[in-house]
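Here's the structure we're looking at; comments come further down.
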2 protein chains.
Amino acid sequence: MPPVKRPRSSPAREVEILETVLRLVAHDGYDAVTMDAVAAAAHASKATLYRRWPSKADMIVDAVRRHIGTVAVPVPTGTLRGDLIQVLSQVAEQLTSDDLALQLIAPAHHDPELMKALEIKVREPARIVMRILLERAVAQGELTSLSEPDLPHDVAMPMLLDALLWGRPVDADLVAHIVDRVLLPLLEAWSTVG
Amino acid sequence: MPPVKRPRSSPAREVEILETVLRLVAHDGYDAVTMDAVAAAAHASKATLYRRWPSKADMIVDAVRRHIGTVAVPVPTGTLRGDLIQVLSQVAEQLTSDDLALQLIAPAHHDPELMKALEIKVREPARIVMRILLERAVAQGELTSLSEPDLPHDVAMPMLLDALLWGRPVDADLVAHIVDRVLLPLLEAWSTVG
């Protein structure tokens, strides 16, 4: 059989386009990047872009997510503390890998599509990973119950983001501080209080 | 005695200048506002401006602080819960009074003077008010101890800011949620654990 000609919407082509998008955003900022500019720089038609991404926001968030990586469910470390540290360390690394997170915060506030794409593609996966960790700890008897499975995420992530915003180190010390002084005492308190 | 001619650096004149500054920042954004532009719009010499404010950052943060108000030590409500809700409600109101807080976040990241001015003039006062509240609760026996007097602030403020950033309501429900589900359980846990 003759080799099938790869369509231009192949995964490799997508990666190529996303790399172009990332370069444009890093250089010009979110607001200045347009579908036209991406089409020109990536030598793609706008139709090709819109076939893959419903909006500019969607395309740019995909590019950023590909660049900063996704938060993975950590291999069990044997303790809830170890697991929490692993997942928050991943987020800390994402936030500090470059200025992209900060660059999208201001535009997201006046661009509901960008906000939604960030929510679905960046924030929600981290929330789910945190929930999986905690459910694992309940299943293994390390936590007695879990009345608010999202609250640990909703407390920890803002503390990481806040440190980033205020120019403070988003590092292993901060992660350990959040886990030891905030998350574990809270999880303990919630277990008792129900 | 003849009336003393008021110097042009009078408080009234300062208010006039800060109102001009605020109008320029709201219209053009932090980055675009220069000392020259303020001098021209406020009919003041740059020397006058620099006599009062060491930097553009300092001047703009003063203008914003004057506009959003300062966080006051709440009149004792009789309970720590009531006091915490009062102070966080004040911060929530500041954050949502307009887009100014958000407008300064991105520029602060590449302008250390702005970051420092925000830290000293906006963040630090809120931190101090929180600490006063908690010390009052210790003095009145509602809390047994206070090993980390700044941690309640450092947990609560990011949660408010985070809601603002993600376009969620920064309202009385959020404040009550933070106080009841996070701060009070944490204060309880820290009291026991030390």
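Each chain of the structure tokens is named A, B, ... in the order shown, its residues numbered from 1; ligands are numbered from 1 in display order.
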Quiz prompt | Test item: chain B residues at most 10 Å from chain A, counting only C-alpha atoms, as a PyMOL selection string | solution = chain B and resi 99+102-110+112+115-116+118-119+148+151-152+154-167+178+181-190+193
Identify, on the basis of only C-alpha atoms, every residue whose closest approach to range 55-70 of chain A does not exceed 7 Å; exclude the query and any residue fewer than 6 positions from it along the same chain; express the result as a compact mmCIF listing (two decimals) with all heavy atoms, in the first residue's frame.
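Saved result, out_11.txt, follows:
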# COMPACT_ATOMS: atom_id res chain seq x y z
N LEU A 18 1.11 25.27 17.57
CA LEU A 18 1.09 25.71 18.98
C LEU A 18 2.42 26.34 19.38
O LEU A 18 2.45 27.27 20.20
CB LEU A 18 0.75 24.53 19.90
CG LEU A 18 -0.70 24.04 19.82
CD1 LEU A 18 -0.93 22.85 20.74
CD2 LEU A 18 -1.69 25.16 20.15
N GLU A 19 3.50 25.85 18.80
CA GLU A 19 4.79 26.47 19.12
C GLU A 19 4.86 27.89 18.56
O GLU A 19 5.42 28.79 19.20
CB GLU A 19 5.94 25.60 18.59
CG GLU A 19 6.25 24.49 19.59
CD GLU A 19 7.14 23.39 19.03
OE1 GLU A 19 7.59 23.50 17.86
OE2 GLU A 19 7.37 22.41 19.77
N VAL A 21 2.23 29.81 18.14
CA VAL A 21 1.33 30.58 18.99
C VAL A 21 2.07 31.04 20.26
O VAL A 21 2.01 32.21 20.64
CB VAL A 21 0.09 29.73 19.38
CG1 VAL A 21 -0.72 30.43 20.47
CG2 VAL A 21 -0.77 29.46 18.16
N LEU A 22 2.77 30.11 20.86
CA LEU A 22 3.46 30.41 22.11
C LEU A 22 4.51 31.50 21.91
O LEU A 22 4.64 32.42 22.72
CB LEU A 22 4.15 29.13 22.62
CG LEU A 22 4.54 29.16 24.08
CD1 LEU A 22 3.29 29.11 24.95
CD2 LEU A 22 5.43 27.99 24.41
N MET A 35 -5.90 35.70 15.31
CA MET A 35 -5.93 34.51 14.46
C MET A 35 -5.20 34.79 13.15
O MET A 35 -4.50 33.93 12.63
CB MET A 35 -7.39 34.11 14.18
CG MET A 35 -8.08 33.42 15.36
SD MET A 35 -7.23 31.91 15.94
CE MET A 35 -8.56 30.71 16.02
N GLN A 94 4.91 24.78 37.37
CA GLN A 94 4.16 25.35 36.24
C GLN A 94 4.11 26.87 36.33
O GLN A 94 4.32 27.59 35.36
CB GLN A 94 2.72 24.85 36.26
CG GLN A 94 2.53 23.44 35.77
CD GLN A 94 1.05 23.15 35.59
OE1 GLN A 94 0.21 23.63 36.34
NE2 GLN A 94 0.73 22.36 34.59
N SER A 97 7.55 28.47 35.68
CA SER A 97 8.34 28.08 34.50
C SER A 97 8.60 29.28 33.60
O SER A 97 9.63 29.40 32.98
CB SER A 97 7.65 26.95 33.73
OG SER A 97 6.45 27.42 33.16
N GLU A 113 -13.95 34.13 27.29
CA GLU A 113 -13.54 32.87 26.64
C GLU A 113 -12.19 32.40 27.16
O GLU A 113 -11.96 31.21 27.36
CB GLU A 113 -13.46 33.05 25.13
CG GLU A 113 -14.82 32.94 24.46
CD GLU A 113 -14.70 32.93 22.95
OE1 GLU A 113 -13.71 33.46 22.42
OE2 GLU A 113 -15.62 32.39 22.31
N LEU A 114 -11.28 33.36 27.36
CA LEU A 114 -9.97 33.01 27.90
C LEU A 114 -10.11 32.49 29.33
O LEU A 114 -9.52 31.47 29.70
CB LEU A 114 -9.04 34.23 27.87
CG LEU A 114 -7.66 34.05 28.50
CD1 LEU A 114 -6.89 32.91 27.85
CD2 LEU A 114 -6.84 35.35 28.42
N ALA A 117 -11.46 28.99 29.19
CA ALA A 117 -10.46 28.03 28.71
C ALA A 117 -9.43 27.74 29.80
O ALA A 117 -9.03 26.59 30.00
CB ALA A 117 -9.78 28.56 27.45
N LEU A 118 -9.00 28.77 30.51
CA LEU A 118 -8.04 28.56 31.60
C LEU A 118 -8.66 27.71 32.71
O LEU A 118 -8.02 26.81 33.26
CB LEU A 118 -7.60 29.90 32.20
CG LEU A 118 -6.61 30.73 31.37
CD1 LEU A 118 -6.45 32.12 31.98
CD2 LEU A 118 -5.26 30.04 31.29
N VAL A 122 -6.66 24.40 32.62
CA VAL A 122 -5.53 24.53 33.53
C VAL A 122 -5.96 24.30 34.98
O VAL A 122 -5.37 23.50 35.70
CB VAL A 122 -4.86 25.92 33.39
CG1 VAL A 122 -3.71 26.07 34.38
CG2 VAL A 122 -4.36 26.11 31.96
Practice problem: Please measure the separation of CA of Thr77 in chain A and CA of Arg127 in chain A, giving the value in Å to one decimal. | Solution: 19.1 Å
Quiz item: Just how far from CA of Asp171 in chain B is CA of Val87 in chain B, in Å to one decimal?
Solution: 12.7 Å
Exercise. Using only C-alpha atoms, find the one residue out of A:Ala40, A:Leu100, A:Ile132, A:Pro54 that sits nearest to Pro74 in chain A.
Key: A:Ile132
